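First comes the structure, then the notes that go with it.
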Amino acid sequence: MMEKLQLKIRMNEEIAPKIYKIIFLATEIVKKAKAGQFINLYCNKGELLLPRPISICEVNKKTGEITLVYAVVGKGTEIISTMKSGDTIEAIGPLGNGFSVDEEVKQHLIIAGGIGVPPMVELVKFLKGNITVYLGFRCNPILVETIKQYGATVYVATEDGSVGIKGNVMDLINQHNPVAEMIYSCGPKPMLKAVAEWSEKLKIPAQLSLEERMACGIGACLVCTCKTKKEQDWENKRVCKDGPVFWRDEVIWHD
Amino acid sequence: MMEKLQLKIRMNEEIAPKIYKIIFLATEIVKKAKAGQFINLYCNKGELLLPRPISICEVNKKTGEITLVYAVVGKGTEIISTMKSGDTIEAIGPLGNGFSVDEEVKQHLIIAGGIGVPPMVELVKFLKGNITVYLGFRCNPILVETIKQYGATVYVATEDGSVGIKGNVMDLINQHNPVAEMIYSCGPKPMLKAVAEWSEKLKIPAQLSLEERMACGIGACLVCTCKTKKEQDWENKRVCKDGPVFWRDEVIWHD
Amino acid sequence: MTKVNMKVNISGVELKNPVMTASGTFGSGIEYGEFVDLNRLGAVVVKGIANTSWKGNASPRVAETFGGMLNSVGLQNPGVDEFIQKDIPFLRKYDTKIIVNIAGKTVEEYCEVVKKLATADIDLLELNISCPNVKEGGVSFGTDAKMVEYVTKQVKRVSKQPLIVKLTPNVTDIVEIAKGAEAGGADGLSLINTLLGMAIDIHKRKPVLANVVGGLSGPAIKPVAIRMVYQVAKAVGLPIIGMGGIMTGEDAIEFIQAGATGVAVGTANFINPTATMDVLEGIGKYMNQYGVEKISDIRGIIA
Amino acid sequence: MTKVNMKVNISGVELKNPVMTASGTFGSGIEYGEFVDLNRLGAVVVKGIANTSWKGNASPRVAETFGGMLNSVGLQNPGVDEFIQKDIPFLRKYDTKIIVNIAGKTVEEYCEVVKKLATADIDLLELNISCPNVKEGGVSFGTDAKMVEYVTKQVKRVSKQPLIVKLTPNVTDIVEIAKGAEAGGADGLSLINTLLGMAIDIHKRKPVLANVVGGLSGPAIKPVAIRMVYQVAKAVGLPIIGMGGIMTGEDAIEFIQAGATGVAVGTANFINPTATMDVLEGIGKYMNQYGVEKISDIRGIIA
Ligand SMILES: Cc1cc2nc3c(=O)[nH]c(=O)nc-3n(C[C@H](O)[C@H](O)[C@H](O)COP(=O)(O)OP(=O)(O)OC[C@H]3O[C@@H](n4cnc5c(N)ncnc54)[C@H](O)[C@@H]3O)c2cc1C
Ligand SMILES: Cc1cc2nc3c(=O)[nH]c(=O)nc-3n(C[C@H](O)[C@H](O)[C@H](O)COP(=O)(O)OP(=O)(O)OC[C@H]3O[C@@H](n4cnc5c(N)ncnc54)[C@H](O)[C@@H]3O)c2cc1C
Ligand SMILES: Cc1cc2nc3c(=O)[nH]c(=O)nc-3n(C[C@H](O)[C@H](O)[C@H](O)COP(=O)(O)O)c2cc1C
Ligand SMILES: Cc1cc2nc3c(=O)[nH]c(=O)nc-3n(C[C@H](O)[C@H](O)[C@H](O)COP(=O)(O)O)c2cc1C
Ligand code: FES
Ligand code: FES
């Protein structure tokens with residue numbers, strides 16, 4: 001059984017313009033959480049009904065704490081950003097499937113952009129072997145040091161060229177021509193699509209974490225679908241329950 | 001011009017079961033406020049749109065503070081009751097007409113019941129001469145000492161007989177057979193109706209403070225009406241703007 | 001903030017900006033004049049006016065609901081004569097357009113009000129066809145396209161100012177109703193009026209409203225209003241005044257992108273007495289942010 | 001809390017309590033089974049099922065609105081065969097009634113589903129007549145009383161379980177529609193389905209929903225739902241399942257006092273995964289507080 005949890009906030013701080021890091025005590029979630037899964041945060045503001053899905057950035061099995069990193073983009077995240085250490089936030093989770101980690105794979109390539117970077121932190125912790133990470137940002141990079149700290153080699157691209165190369169993750173890829181046995185990616189749709197095309201050409205298996213507007217977050221309402229292949233045909237799968245992580249081969253791109 | 005004010009709460013305390021006293025700094029309101037007027041408090045909770053009208057209990061011209069006393073009866077007052085000293089509450093006011101005070105009158109009779117008692121505190125301060133006050137409550141009397149302190153003679157009735165006589169304000173009246181040149185009354189409708197009948201029989205002029213569900217609170221929307229006499233006919237007057245205080249002779253009782 | 005051009009033209013009348021007040025929520029402007037500078041409004045739409053004074057319904061006339069409210073004022077008004085005498089001179093002191101909302105229980109009553117307003121110093125007429133048609137068993141005029149066409153045509157024949165017809169959303173097909181108004185000669189449309197709703201006090205075991213049912217307004221109904229404005233704008237060529245739950249400039253922009261020429265602020269006034277000004281400023285902010293030079297550049301931009 | 005009798009009878013089927021799930025918001029129960037004990041529900045109403053699998057609409061399919069949400073799922077479902085094979089055995093493990101919501105684009109499609117369900121182990125059928133009728137240009141079956149009577153009659157002829165007809169609120173006169181269903185032989189009515197609405201992303205200048213319009217649900221629509229349940233309960237003798245914005249036991253009591261026999265919880269599940277249980281407990285609390293012995297003592301108590 002699962003329940004709606006009341007989580008005590010330990011920290012909620014702006015780590016870059018409009019980007020917040022929130023830490024709360026969530027032993028029930030920490031026990032089960034996997035990289036690539038997400039949790040539903042409730043805004044607790046009358047007129048905003050739906051929960052906000054936010055990826056798990058880091059779990060700390062020892063302290064029972066969980067870290068999320070979120071961008072303030074609208075009313076819900078705005079409200080969450082005003083919550084203070086000591087306040088309680090309602091949540092359910094962990095939700096979704098998460099990344100699958102294959103112990104045999106030794107050469108990992110992570111490609112993430114913007115607010116798609118946070119889930120990669122927890123992932124890096126669980127990968128064994130060589131980990132190369134390409135991160136793209138509009139301007140202010142986040143979590144670069146954290147990811148390096150877990151032993152990955154990190155390259156950064158920014159659109160304004162303020163940090164790393166000027167450009168996006170595809171420019172990094174074209175520059176480095178990386179080799180890899182497995183790709184993990186999360187970020188804006190155009191980036192994921194480019195990663196999918198590139199990895200397909202190179203025949204490297206890729207796991208892509210998708211985003212879609214949600215209601216229930218647990219697979220019951222069918223509002224969060226993504227087109228996927230099915231034999232000769234296609235079907236709509238649920239991003240919240242069958243995803244958010246999909247194999248590149250499954251996904252049919254549309255807009 | 002008036003504006004929506006952001007008022008700093010100085011105190012918000014439970015003074016009797018489910019009855020709160022709130023004090024805030026409101027120099028703009030204090031300057032203009034009169035006994036019997038009310039202010040509109042906004043709950044600042046998304047789905048609760050309408051302001052809550054609450055009578056002015058006391059104004060302090062020196063400190064610029066205003067005191068209200070309110071009962072927690074629903075969602076809005078519930079939320080207001082959770083606000084703390086230092087928090088800000090939105091409000092407009094003062095609204096409505098208030099009691100008219102005639103300097104010639106020397107024998108005043110105040111009859112109030114339950115949550116109709118608070119506006120009488122500020123009134124007592126402005127009356128000159130003899131002031132007799134009858135207060136009725138279900139069980140826990142409020143503001144009795146405060147009113148006494150301003151020089152009025154106060155009698156209390158409680159339905160459970162725990163304080164004062166067992167009964168209601170009409171029982172007090174029947175017991176005391178008071179004389180008066182002017183009556184001021186506020187409380188539940190059945191009480192106001194009884195006061196109206198009694199005062200009419202004795203031909204004592206009476207000012208009755210009515211309550212009605214409101215939206216704008218300033219006279220624009222016409223949802224808060226009360227039936228009043230008009231020559232051979234009747235008309236609907238606005239409790240918020242033409243009232244809340246009406247002369248007994250104006251009011252047509254209905255339910 | 002650079003100055004943006006907010007002028008809009010509604011049925012031949014130029015408004016300095018698209019922001020108006022929704023009928024019945026702003027009295028005749030006097031009360032809210034304490035909070036806002038009426039000169040800054042595109043237009044003041046006054047409360048519904050009938051041929052004679054109406055007493056309206058019994059109290060309580062209001063119920064708060066989740067994100068909205070119900071009202072059952074029942075079109076209380078002092079009658080057109082008193083309105084002409086008292087309210088027009090007050091409003092004319094301000095540099096804003098005057099739109100008079102018209103109530104009636106029969107086609108004849110509507111026409112009588114309009115005739116009396118023919119020589120009055122007002123800019124536009126807004127015909128409220130949500131009123132119950134007493135000759136047809138109390139069913140609202142606005143629920144039948146043929147009836148809408150008929151009443152519009154009759155009123156149009158006696159009206160001197162351009163005629164906007166205000167539609168009720170309590171219909172199966174709003175487009176058909178809008179076309180009825182167009183066929184009747186309407187110069188513009190207002191939508192939406194309130195949705196019919198009800199609330200029960202479960203403790204007292206009776207309806208909250210003395211009138212049992214009432215009109216639902218406020219942000220709760222905005223999605224229905226946007227949908228109807230969008231559908232009607234696609235199907236009918238008339239200028240539209242959009243309303244229903246507008247609280248902010250962003251809400252107003254949503255209506256404009258759906259196809260509205262003007263926007264009216266109703267229930268939001270009760271929640272925030274300067275709502276009209278906030279909406280006006282919010283529109284300006286959006287136009288500045290996106291470099292929108294004139295409102296018509298984004299009007300009905302949704303495919 | 002003393003134990004209260006919450007049993008209700010819907011069209012001949014006895015439910016242990018009036019609380020059910022609203023179709024489409026609870027899948028077939030598996031997912032929410034992680035949060036609530038399905039044995040405690042009066043009934044599970046499953047998502048709409050068609051004769052073959054439907055893919056539904058493009059994403060995004062959801063938009064949050066003030067106090068509500070829009071959805072445009074478009075009745076994605078695996079088809080009746082897979083439903084019978086997978087979902088019924090799962091649900092039958094629980095001590096709760098199974099109500100199957102039926103979708104179709106033609107009368108024949110509706111009938112095909114119902115025929116296939118004839119031998120299935122389910123308790124009640126709920127016919128969703130808000131679906132677009134492809135033979136009539138895509139207008140919803142539920143907007144014309146004659147069509148409602150016809151489709152109800154046809155489905156009734158082939159149905160083995162009692163038939164509840166679920167009405168759309170997007171109509172001028174809900175009573176007339178309800179009477180159509182009654183004339184067609186419906187054993188009960190569900191109301192309301194979602195209100196047609198729309199939301200625009202003013203920054204992207206396009207509708208939030210890929211499908212442009214969608215169905216509005218949640219507490220925002222409760223006053224419309226209460227009004228319709230009240231009107232229909234007064235005019236028609238059939239048992240009613242009331243829904244639209246139920247979040248708490250008090251909301252459910254409001255529907256029951258308006259005349260509903262059962263109540264369904266939809267959007268509230270998304271806001272609070274144990275909403276059904278909270279509603280159930282809230283009803284019990286009210287009954288205890290006021291000494292209501294059985295639900296029928298307060299059903300339709302509003303004059
Ligand atoms: C599986 C998943 C994981 C995510 N992880 C993160 C993360 O780690 N950090 C982060 O900053 N953001 C993440 N997002 C995006 C995040 O959910 C949205 O930014 C957030 O919901 C916006 O809420 P709002 O109220 O501020 O915005 P509004 O625009 O006011 O929200 C309105 C509605 O749209 C939905 N919505 C708006 N933007 C998005 C979006 N991009 N994706 C999904 N729903 C959206 C909201 O949930 C809400 O229902 C994730 C989304 C998904 C689906
Ligand atoms: C002129 C005036 C002066 C008042 N002065 C006081 C006072 O000094 N102290 C005090 O405790 N109460 C006073 N009241 C009553 C007070 O306004 C209500 O108790 C309060 O609005 C209830 O809000 P709620 O959200 O807790 O209740 P809910 O029942 O949840 O409110 C729902 C809606 O109904 C309205 N409402 C509910 N009860 C009343 C009521 N009795 N009168 C008017 N509207 C109501 C609310 O404003 C709101 O719009 C006064 C009312 C008026 C009209
Ligand atoms: C208290 C009140 C009174 C109203 N009176 C009228 C009226 O007299 N004539 C009319 O056409 N509409 C009337 N309306 C409807 C509004 O003008 C508007 O169409 C509706 O409330 C939707 O807008 P909103 O959500 O911004 O309030 C009234 C609405 C309210 C809330
Ligand atoms: C995501 C979603 C999917 C729905 N799918 C169906 C459906 O398949 N069949 C149906 O009859 N109603 C469907 N509905 C309507 C609900 O059953 C219900 O009538 C409506 O949402 C009002 O109730 P609520 O406000 O409690 O959600 C759906 C509603 C939502 C929100
Ligand atoms: S959000 Fe409900 S199924 Fe994915
Ligand atoms: S509350 Fe609007 S006129 Fe009194």
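To be explicit about the labels: the chains of the structure tokens are called A, B, and onward in the order shown, and within each one the residues are counted from 1, while ligands get numbers from 1 in the order they are shown.
Neighbouring residues of Lys16 in chain C at 12 Å or closer, counting only C-alpha atoms and skipping chain neighbours under 5 positions away, are Val4, Asn5, Met6, Lys7, Val8, Asn9, Ile10, Asn39, Arg40, Leu41, Gly42, Ala43, Asp95, Thr96, Lys97, Gly262, Leu280, Lys294 and Ile295 of chain C.
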Output for the residues just chosen: all heavy atoms as a compact mmCIF listing (two decimals), in the first residue's frame:
# COMPACT_ATOMS: atom_id res chain seq x y z
N VAL C 4 1.72 51.19 -25.10
CA VAL C 4 1.19 50.35 -26.16
C VAL C 4 -0.16 50.88 -26.61
O VAL C 4 -0.84 51.59 -25.87
CB VAL C 4 1.03 48.88 -25.70
CG1 VAL C 4 2.38 48.22 -25.57
CG2 VAL C 4 0.27 48.80 -24.40
N ASN C 5 -0.51 50.55 -27.82
CA ASN C 5 -1.80 50.99 -28.35
C ASN C 5 -2.85 49.95 -28.02
O ASN C 5 -2.83 48.84 -28.52
CB ASN C 5 -1.68 51.16 -29.87
CG ASN C 5 -2.98 51.58 -30.50
OD1 ASN C 5 -4.03 51.64 -29.82
ND2 ASN C 5 -2.94 51.88 -31.78
N MET C 6 -3.75 50.34 -27.15
CA MET C 6 -4.76 49.38 -26.70
C MET C 6 -6.13 49.66 -27.28
O MET C 6 -7.10 49.04 -26.89
CB MET C 6 -4.86 49.45 -25.18
CG MET C 6 -3.67 48.84 -24.49
SD MET C 6 -4.22 48.18 -22.94
CE MET C 6 -2.66 48.00 -22.13
N LYS C 7 -6.20 50.62 -28.17
CA LYS C 7 -7.51 50.98 -28.70
C LYS C 7 -8.21 49.79 -29.36
O LYS C 7 -7.58 49.02 -30.07
CB LYS C 7 -7.35 52.08 -29.75
CG LYS C 7 -7.10 53.44 -29.15
CD LYS C 7 -7.43 54.54 -30.16
CE LYS C 7 -6.90 55.88 -29.67
NZ LYS C 7 -5.74 56.34 -30.44
N VAL C 8 -9.49 49.70 -29.13
CA VAL C 8 -10.28 48.69 -29.83
C VAL C 8 -11.57 49.33 -30.32
O VAL C 8 -12.03 50.33 -29.76
CB VAL C 8 -10.63 47.47 -28.94
CG1 VAL C 8 -9.37 46.71 -28.53
CG2 VAL C 8 -11.44 47.87 -27.72
N ASN C 9 -12.11 48.77 -31.36
CA ASN C 9 -13.36 49.28 -31.92
C ASN C 9 -14.44 48.22 -31.78
O ASN C 9 -14.32 47.12 -32.31
CB ASN C 9 -13.13 49.62 -33.40
CG ASN C 9 -14.33 50.32 -33.99
OD1 ASN C 9 -15.44 49.79 -33.97
ND2 ASN C 9 -14.11 51.52 -34.50
N ILE C 10 -15.46 48.59 -31.03
CA ILE C 10 -16.56 47.65 -30.83
C ILE C 10 -17.80 48.19 -31.52
O ILE C 10 -18.36 49.21 -31.10
CB ILE C 10 -16.82 47.40 -29.34
CG1 ILE C 10 -15.55 46.81 -28.72
CG2 ILE C 10 -18.05 46.51 -29.13
CD1 ILE C 10 -15.71 45.98 -27.51
N ASN C 39 -11.84 56.92 -15.40
CA ASN C 39 -11.32 57.42 -16.68
C ASN C 39 -10.44 56.42 -17.40
O ASN C 39 -10.21 56.52 -18.59
CB ASN C 39 -10.48 58.69 -16.45
CG ASN C 39 -11.34 59.85 -15.98
OD1 ASN C 39 -12.30 60.20 -16.66
ND2 ASN C 39 -11.01 60.41 -14.83
N ARG C 40 -9.89 55.48 -16.64
CA ARG C 40 -8.96 54.54 -17.24
C ARG C 40 -9.66 53.32 -17.85
O ARG C 40 -9.01 52.49 -18.49
CB ARG C 40 -7.94 54.09 -16.20
CG ARG C 40 -6.98 55.22 -15.80
CD ARG C 40 -5.92 54.74 -14.84
NE ARG C 40 -5.09 53.69 -15.43
CZ ARG C 40 -4.35 52.84 -14.72
NH1 ARG C 40 -4.34 52.92 -13.40
NH2 ARG C 40 -3.62 51.92 -15.32
N LEU C 41 -10.95 53.21 -17.64
CA LEU C 41 -11.67 52.05 -18.19
C LEU C 41 -12.06 52.28 -19.65
O LEU C 41 -12.45 53.38 -20.03
CB LEU C 41 -12.95 51.80 -17.39
CG LEU C 41 -12.74 51.23 -15.98
CD1 LEU C 41 -14.05 51.25 -15.21
CD2 LEU C 41 -12.20 49.80 -16.07
N GLY C 42 -11.97 51.22 -20.45
CA GLY C 42 -12.45 51.29 -21.82
C GLY C 42 -13.92 51.63 -21.85
O GLY C 42 -14.39 52.47 -22.63
N ALA C 43 -14.67 50.99 -20.99
CA ALA C 43 -16.10 51.27 -20.88
C ALA C 43 -16.61 50.78 -19.54
O ALA C 43 -16.04 49.88 -18.94
CB ALA C 43 -16.88 50.57 -22.00
N ASP C 95 -14.15 60.13 -18.72
CA ASP C 95 -13.78 59.86 -20.10
C ASP C 95 -13.78 58.35 -20.34
O ASP C 95 -12.74 57.71 -20.44
CB ASP C 95 -12.38 60.45 -20.36
CG ASP C 95 -11.89 60.13 -21.75
OD1 ASP C 95 -12.74 59.88 -22.63
OD2 ASP C 95 -10.66 60.13 -21.95
N THR C 96 -14.97 57.79 -20.38
CA THR C 96 -15.11 56.35 -20.62
C THR C 96 -16.41 56.14 -21.37
O THR C 96 -17.31 56.98 -21.32
CB THR C 96 -15.09 55.56 -19.29
OG1 THR C 96 -15.03 54.17 -19.58
CG2 THR C 96 -16.32 55.85 -18.44
N LYS C 97 -16.52 55.01 -22.08
CA LYS C 97 -17.76 54.76 -22.81
C LYS C 97 -18.79 54.16 -21.87
O LYS C 97 -18.45 53.48 -20.90
CB LYS C 97 -17.50 53.80 -23.97
CG LYS C 97 -16.50 54.33 -24.99
CD LYS C 97 -16.98 55.59 -25.66
CE LYS C 97 -15.88 56.18 -26.56
NZ LYS C 97 -16.20 57.55 -26.98
N GLY C 262 -13.21 42.97 -26.89
CA GLY C 262 -13.18 43.59 -25.56
C GLY C 262 -13.24 42.52 -24.49
O GLY C 262 -13.55 41.36 -24.78
N LEU C 280 -5.95 45.68 -16.76
CA LEU C 280 -5.44 46.64 -17.75
C LEU C 280 -3.91 46.64 -17.78
O LEU C 280 -3.28 46.56 -18.84
CB LEU C 280 -5.97 48.03 -17.39
CG LEU C 280 -5.60 49.18 -18.31
CD1 LEU C 280 -6.15 48.94 -19.71
CD2 LEU C 280 -6.17 50.50 -17.75
N LYS C 294 -0.38 46.31 -31.49
CA LYS C 294 -1.79 46.60 -31.24
C LYS C 294 -2.54 45.31 -30.97
O LYS C 294 -2.14 44.22 -31.43
CB LYS C 294 -2.42 47.39 -32.39
CG LYS C 294 -2.10 46.89 -33.77
CD LYS C 294 -2.58 47.90 -34.82
CE LYS C 294 -2.69 47.23 -36.18
NZ LYS C 294 -1.53 46.40 -36.55
N ILE C 295 -3.60 45.46 -30.23
CA ILE C 295 -4.31 44.27 -29.74
C ILE C 295 -4.78 43.38 -30.88
O ILE C 295 -4.76 42.16 -30.78
CB ILE C 295 -5.49 44.72 -28.85
CG1 ILE C 295 -4.90 45.23 -27.53
CG2 ILE C 295 -6.46 43.57 -28.60
CD1 ILE C 295 -5.85 45.34 -26.41
Quick one: which chain B residues come within 12 Å of chain D, and what is the nearest atom pair for each with the distance in Å to one decimal, counting only C-alpha atoms, rows ordered by chain and ascending number, as a tab-separated table?
residue	atom	partner	partner_atom	distance
B:Lys45	CA	D:Gly67	CA	11.7
B:Gly46	CA	D:Gly67	CA	8.5
B:Glu47	CA	D:Gly67	CA	6.7
B:Leu48	CA	D:Gly67	CA	10.3
B:Leu49	CA	D:Gly67	CA	11.4
What residues of the protein or nucleic acid chains come within 12 Å of ligand 5 when you use only C-alpha atoms and all ligand atoms? Reply as an mmCIF file with C-alpha atoms, in the first residue's frame.
data_model
loop_
_atom_site.group_PDB
_atom_site.id
_atom_site.type_symbol
_atom_site.label_atom_id
_atom_site.label_comp_id
_atom_site.auth_asym_id
_atom_site.auth_seq_id
_atom_site.Cartn_x
_atom_site.Cartn_y
_atom_site.Cartn_z
ATOM 1 C CA PHE A 38 9.685 10.935 -9.886
ATOM 2 C CA ILE A 39 7.463 12.067 -7.075
ATOM 3 C CA ASN A 40 4.242 14.058 -7.109
ATOM 4 C CA LEU A 50 -3.092 18.725 -9.736
ATOM 5 C CA PRO A 51 0.145 17.426 -8.279
ATOM 6 C CA ARG A 52 3.469 18.529 -9.793
ATOM 7 C CA PRO A 53 5.713 15.703 -10.992
ATOM 8 C CA LEU A 95 6.431 6.904 -9.213
ATOM 9 C CA GLY A 96 7.295 5.649 -12.676
ATOM 10 C CA LEU A 210 10.105 11.819 -21.353
ATOM 11 C CA GLU A 211 7.920 14.520 -19.932
ATOM 12 C CA GLU A 212 4.187 14.966 -20.373
ATOM 13 C CA ARG A 213 1.452 16.861 -18.571
ATOM 14 C CA MET A 214 -0.073 14.597 -15.934
ATOM 15 C CA ALA A 215 -3.043 14.325 -13.619
ATOM 16 C CA CYS A 216 -3.005 11.187 -11.441
ATOM 17 C CA GLY A 217 0.678 10.325 -11.951
ATOM 18 C CA ILE A 218 -0.008 6.662 -11.188
ATOM 19 C CA GLY A 219 -1.406 5.302 -14.432
ATOM 20 C CA ALA A 220 -5.125 5.579 -13.866
ATOM 21 C CA CYS A 221 -6.310 8.545 -15.924
ATOM 22 C CA LEU A 222 -4.546 8.177 -19.288
ATOM 23 C CA VAL A 223 -3.841 11.862 -19.824
ATOM 24 C CA CYS A 224 -0.048 11.579 -20.025
ATOM 25 C CA THR A 225 0.446 9.432 -23.069
ATOM 26 C CA CYS A 226 3.248 9.148 -25.556
ATOM 27 C CA ASN A 236 -0.380 5.312 -26.521
ATOM 28 C CA LYS A 237 1.602 4.440 -23.433
ATOM 29 C CA ARG A 238 1.445 6.223 -20.106
ATOM 30 C CA VAL A 239 4.468 8.393 -19.372
ATOM 31 C CA CYS A 240 3.759 8.238 -15.622
ATOM 32 C CA LYS A 241 3.477 4.472 -15.274
ATOM 33 C CA ASP A 242 5.024 2.827 -18.351
ATOM 34 C CA GLY A 243 7.666 5.601 -18.293
ATOM 35 C CA PRO A 244 8.923 8.235 -17.797
ATOM 36 C CA GLY D 24 -12.146 7.347 -16.532
ATOM 37 C CA THR D 25 -10.564 8.644 -13.362
ATOM 38 C CA PHE D 26 -9.840 5.341 -11.660
ATOM 39 C CA GLY D 27 -8.670 3.109 -14.502
ATOM 40 C CA SER D 28 -9.996 -0.339 -13.693
ATOM 41 C CA ILE D 30 -5.586 -1.562 -10.138
ATOM 42 C CA GLU D 31 -3.618 1.646 -9.752
ATOM 43 C CA TYR D 32 -5.655 3.186 -6.940
ATOM 44 C CA LYS D 47 -13.126 3.685 -17.680
ATOM 45 C CA SER D 59 -1.086 14.706 -26.046
ATOM 46 C CA PRO D 60 -1.182 17.047 -24.150
ATOM 47 C CA ARG D 61 -4.497 15.763 -22.916
ATOM 48 C CA VAL D 62 -4.751 17.698 -19.692
ATOM 49 C CA ALA D 63 -4.860 21.324 -18.601
ATOM 50 C CA ASN D 71 -9.102 16.440 -20.175
ATOM 51 C CA VAL D 73 -8.271 11.585 -23.290
ATOM 52 C CA GLN D 76 -8.549 5.571 -25.026
ATOM 53 C CA THR D 267 -11.036 14.395 -10.315
ATOM 54 C CA ASN D 269 -8.677 11.097 -6.855
ATOM 55 C CA PHE D 270 -5.902 12.982 -8.628
ATOM 56 C CA ILE D 271 -5.701 15.558 -5.877
ATOM 57 C CA PRO D 273 -5.487 9.339 -3.892
#
Residue set, range 217-274 of chain D restricted to alpha helix (DSSP H), as a PyMOL selection string: chain D and resi 222-235+249-258+268-271
DSSP-assigned strand (DSSP E) members of range 49-128 of chain D, reported as a list in words: Val62, Ala63, Glu64, Thr65, Gly68, Met69, Leu70, Asn71, Lys97, Ile98, Ile99, Val100, Asn101, Ile102, Leu124, Leu125, Glu126, Leu127 and Asn128 of chain D
Written selection (N, CA and C atoms) as a short mmCIF file (atom, residue, chain, number, x, y, z; two decimals), in the first residue's frame:
data_model
loop_
_atom_site.label_atom_id
_atom_site.label_comp_id
_atom_site.auth_asym_id
_atom_site.auth_seq_id
_atom_site.Cartn_x
_atom_site.Cartn_y
_atom_site.Cartn_z
N VAL D 62 -4.26 17.15 -20.96
CA VAL D 62 -4.75 17.70 -19.69
C VAL D 62 -4.32 19.15 -19.54
N ALA D 63 -5.19 19.94 -18.93
CA ALA D 63 -4.86 21.32 -18.60
C ALA D 63 -5.46 21.60 -17.24
N GLU D 64 -4.67 22.22 -16.41
CA GLU D 64 -5.21 22.59 -15.10
C GLU D 64 -5.93 23.93 -15.25
N THR D 65 -7.07 24.05 -14.60
CA THR D 65 -7.78 25.34 -14.62
C THR D 65 -8.11 25.70 -13.17
N GLY D 68 -10.33 23.33 -11.26
CA GLY D 68 -10.78 22.24 -12.11
C GLY D 68 -9.69 21.80 -13.06
N MET D 69 -10.05 20.94 -13.99
CA MET D 69 -9.09 20.51 -15.00
C MET D 69 -9.85 20.17 -16.28
N LEU D 70 -9.15 20.27 -17.38
CA LEU D 70 -9.70 19.86 -18.66
C LEU D 70 -9.00 18.58 -19.07
N ASN D 71 -9.76 17.62 -19.61
CA ASN D 71 -9.10 16.44 -20.17
C ASN D 71 -9.63 16.19 -21.56
N LYS D 97 -19.12 -3.74 -6.21
CA LYS D 97 -19.87 -3.92 -7.46
C LYS D 97 -19.07 -3.35 -8.62
N ILE D 98 -19.30 -3.95 -9.77
CA ILE D 98 -18.59 -3.52 -10.98
C ILE D 98 -19.58 -2.85 -11.93
N ILE D 99 -19.29 -1.60 -12.26
CA ILE D 99 -20.12 -0.88 -13.22
C ILE D 99 -19.25 -0.56 -14.44
N VAL D 100 -19.72 -1.01 -15.60
CA VAL D 100 -18.91 -0.82 -16.80
C VAL D 100 -19.45 0.35 -17.62
N ASN D 101 -18.59 1.32 -17.85
CA ASN D 101 -18.94 2.49 -18.65
C ASN D 101 -18.70 2.17 -20.12
N ILE D 102 -19.69 2.48 -20.94
CA ILE D 102 -19.65 2.05 -22.34
C ILE D 102 -19.55 3.22 -23.31
N LEU D 124 -23.55 -3.67 -13.33
CA LEU D 124 -24.36 -2.62 -13.94
C LEU D 124 -23.64 -2.08 -15.17
N LEU D 125 -24.42 -1.51 -16.07
CA LEU D 125 -23.87 -0.86 -17.25
C LEU D 125 -24.11 0.65 -17.13
N GLU D 126 -23.12 1.42 -17.53
CA GLU D 126 -23.29 2.87 -17.56
C GLU D 126 -23.00 3.34 -18.98
N LEU D 127 -24.02 3.81 -19.65
CA LEU D 127 -23.89 4.19 -21.05
C LEU D 127 -23.46 5.65 -21.16
N ASN D 128 -22.27 5.86 -21.70
CA ASN D 128 -21.76 7.23 -21.84
C ASN D 128 -22.24 7.82 -23.16
#
Chain C residues near chain D (6 Å cut-off, only C-alpha atoms) as a VMD selection string: chain C and resid 66 to 67 170 to 172 197 to 200 202 206 219 to 220 223 to 224 226 to 227 254 302
Long-range neighbours of Val59 in chain B as a ChimeraX atom specification, 8 Å cut-off, only C-alpha atoms, 5 positions minimum in chain: /B:30,33,64-67,122
Residues near range 9-24 of chain A, cut-off 9 Å, only C-alpha atoms, skip fewer than 4 positions along chain, as a PyMOL selection string: chain A and resi 64-73+80-89+115+140-142
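Note that CA of Ala58 in chain D and CA of Ile183 in chain A are 27.4 Å apart.
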